[in-house]
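Below is one structure; the comments refer to it alone.
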Amino acid sequence: MATKTKKAGIGLHFFANPARFLRFARKIFPWVAIVAVACIVAALVLGLAVVPADYRQGDAYRIIFVHVPASYMALMIYVIIALASAAGFIWRHPLADLIAKSSAPIGACFTFISLVTGSLWGEPMWGTWWVWDARITSMLVLLFLYLGYIALNSAYDDPTKGARASAILALVGAVNIPIIKFSVDWWNTLHQPATISKFDRPSMDASMIAPLLLMVVGFIAYYLAVLIIRLRSEIAARRIRNLRLAQVGG
Amino acid sequence: MVTAFFGLIGRDLRLAARGGIGSLVTVVFFVIAVSLFPLGVGPESALLERIAPGVLWVCALLATMLSLGRMFDEDFEDGSLEIIALGPLPLELVVLAKALAHWLITGLPLMIAAPVLAVLLNMSTEGFAVLMISLLLGTPTLSLIGSVGAALTVGLRRGGVLISLLVLPLYVPVLIFAVGAVEGAIFGLGEQANLLILAGGLLAALALTPWASAAALRMALE
Amino acid sequence: MSFFEMGGYAAYIWPAFGVGALVLIGLLVISLRRLKSREAALLRLEAAGGGRRRRGRGDGDEEDAETEKEEASP
């Protein structure tokens with residue numbers, strides 16, 4: 001029993017102390033930043049210059065080297081927010097709340113990038129800037145979910161209450177995302193636009209996988225780097241708040 | 001507990017009745033919003049017939065959403081929500097009663113107004129029965145999902161605008177399957193699958209949303 | 001030169017990568033700036049607060065004290 005709680009204590013409460021987290025974050029931050037820059041640059045060089053053009057789509061397919069990793073990050077970050085919210089809600093883990101809050105703007109940015117690049121890819125491929133395709137539409141709804149989450153989180157004056165309210169919203173949203181995805185796919189088969197099926201995703205050439213994977217790794221490292229920056233600034237904000245409250249109270 | 005549950009619904013209905021015309025605002029909004037569409041897209045009957053199910057459902061969605069703010073706000077402000085929470089009824093059931101009352105006040109009038117508006121939009125007659133069933137299954141789901149948004153924004157200054165941002169993305173599946181059912185009936189594609197999914201959604205919302213709303217209310221009452 | 005023409009798709013590819021870079025770099029800059037301003041504000045408050053041990057009685061107190069030591073050392 002004792003060892004069990006100790007183990008759980010290390011896993012879960014190791015970072016409950018912001019000071020310890022800050023020390024850890026300061027140590028890994030340079031590495032994460034280096035990995036982010038190196039992978040993204042390598043992916044750009046490979047994806048833009050080295051990999052040959054697709055025989056059907058020409059060079060336009062190169063957009064997927066931002067589009068697909070960004071879409072992937074958008075979904076992954078929402079899952080992280082939901083998991084962190086669950087942890088924050090169930091165990092009142094302060095860092096989990098902060099992770100959820102700090103991740104949301106990053107996820108929203110990736111969702112936005114995914115939408116814009118999808119649109120820029122769609123214009124030469126489908127002939128219009130916007131197609132109500134199932135994947136794009138789901139992404140749009142995901143962006144709305146992110147915006148709602150961010151708005152709710154910032155609407156509360158008390159950060160603890162804001163964290164708990166948005167945790168509930170994130171969990172409800174996480175339950176809903178598969179349903180939304182399913183409903184949008186369903187809707188799309190009913191209203192199949194005739195132009196789409198001509199070009200689907202290009203057949204994956206083996207040489208395309210390297211830049212894609214590199215970009216995904218680079219984006220993950222970028223996410224961690226910005227997350228650390230935002231977490232540090234959230235922790236600083238909380239301490240400012242505590243100090244101000246203490247001054248008013250004293 | 002059963003009497004407390006129905007007592008709460010009765011109380012909300014009486015309060016709404018005392019509100020007089022104020023509680024009919026939702027339906028009036030629904031009627032006005034729908035009748036703006038012919039003015040916006042033109043009176044061409046073929047076009048209106050084509051978009052009628054979607055227009056009716058989108059407006060029903062917006063009308064329901066507009067009235068969500070009142071689900072808990074007034075009770076929270078005058079302190080009666082706290083008294084109700086201290087009563088014999090678990091907060092989850094309080095939420096359920098509140099959502100049910102909300103549906104009786106808003107969803108049911110929408111169902112009465114919808115067929116009339118469907119006639120105005122020249123919707124084809126094959127869709128009427130399914131439209132009513134889809135509203136019967138869909139609008140309670142909207143009230144239940146909406147209860148989460150209402151509970152999360154209770155006591156917030158800009159709660160009203162915020163609710164729409166929180167709730168509308170979650171309404172997407174209801175909209176898709178409900179309109180899918182009506183169009184399925186009109187175009188002869190069959191409506192059964194859509195209606196079954198709507199029913200499943202209602203059951204899932206009945207089982208899950210009270211927990212989320214109750215958790216949010218507990219936080220607000222702390 | 002053909003690298004920048006991208007087989008005729010330059011008008012789509014460069015904006016796509018440009019928007020991605022712009023948004024990601026913008027987010028990074030905003031986050032860094034906020035961190036800087038908040039840390040500066042925190043330092044100012046701590047300097048003005050002086051004997052904080054007397055005042056702080058919140059749950060974050062112990063953590064704050066520890067971070068202070070941590071930050072004082074380097």
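How things are named: the first chain in the structure tokens is A, the next is B, and so on; residues count from 1 in each chain; ligands count from 1 in the order shown.
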Chain B residues near chain A (10 Å cut-off, only C-alpha atoms) as a VMD selection string: chain B and resid 145 148 to 149 151 to 153 155 to 159 162 to 177 179 to 180 183 to 184 189 194 197 201 208 to 209 211 to 213 215 to 217 219 to 220 222
Select, as an mmCIF file with C-alpha atoms, in the first residue's frame, those residues of chain A with any atom no more than 6 Å from chain C (distances computed using only C-alpha atoms).
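Okay, this is what ended up in result_10.cif:
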```cif
data_model
loop_
_atom_site.group_PDB
_atom_site.id
_atom_site.type_symbol
_atom_site.label_atom_id
_atom_site.label_comp_id
_atom_site.auth_asym_id
_atom_site.auth_seq_id
_atom_site.Cartn_x
_atom_site.Cartn_y
_atom_site.Cartn_z
ATOM 1 C CA ALA A 19 8.931 24.860 -8.637
ATOM 2 C CA ASP A 59 3.883 20.080 -56.996
ATOM 3 C CA ALA A 60 0.635 21.119 -55.346
ATOM 4 C CA ILE A 63 0.996 21.348 -49.166
ATOM 5 C CA ILE A 113 -3.408 26.233 -40.215
ATOM 6 C CA THR A 117 -3.731 24.987 -46.000
ATOM 7 C CA LEU A 120 -5.106 26.385 -50.470
ATOM 8 C CA ARG A 230 2.939 29.257 -21.779
ATOM 9 C CA SER A 233 3.819 32.353 -17.888
ATOM 10 C CA ILE A 240 1.282 37.388 -9.247
ATOM 11 C CA ALA A 246 -2.011 38.436 -0.121
ATOM 12 C CA GLY A 250 -2.750 41.611 4.532
#
```
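For B:Leu24, the set of protein, DNA and RNA residues having any atom at most 12 Å away, when counting only C-alpha atoms and skipping those fewer than 2 positions along the same chain, is Ala16, Ala17, Arg18, Gly19, Gly20, Ile21, Gly22, Thr26, Val27, Val28, Phe29, Phe30, Val31, Ala63, Thr64, Ser67, Leu104, Ile105, Thr106, Gly107, Leu108, Pro109, Leu110 and Ala113 of chain B.
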If you count only C-alpha atoms, which residues fall within 12 Å of B:Gly79, apart from same-chain ones fewer than 5 positions away, as a PyMOL selection string? chain B and resi 72-74+84-86+155+220-221
Would you kindly return, as a ChimeraX atom specification, each protein, DNA or RNA residue with an atom no farther than 8 Å from any atom of A:Ala84, considering only C-alpha atoms and excluding same-chain residues fewer than 5 positions away? /A:96-97,99-100
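Using only C-alpha atoms, the residues found no farther than 10 Å from A:Leu46, other than those of its own chain fewer than 5 positions away, are Ile40, Val41, Val51, Pro52, Phe65, Ser207, Met208, Ala210, Pro211, Leu212 and Leu214 of chain A.
Atom to atom, atom CA of A:Ala43 and atom CA of A:Arg232 stand 28.7 Å apart.
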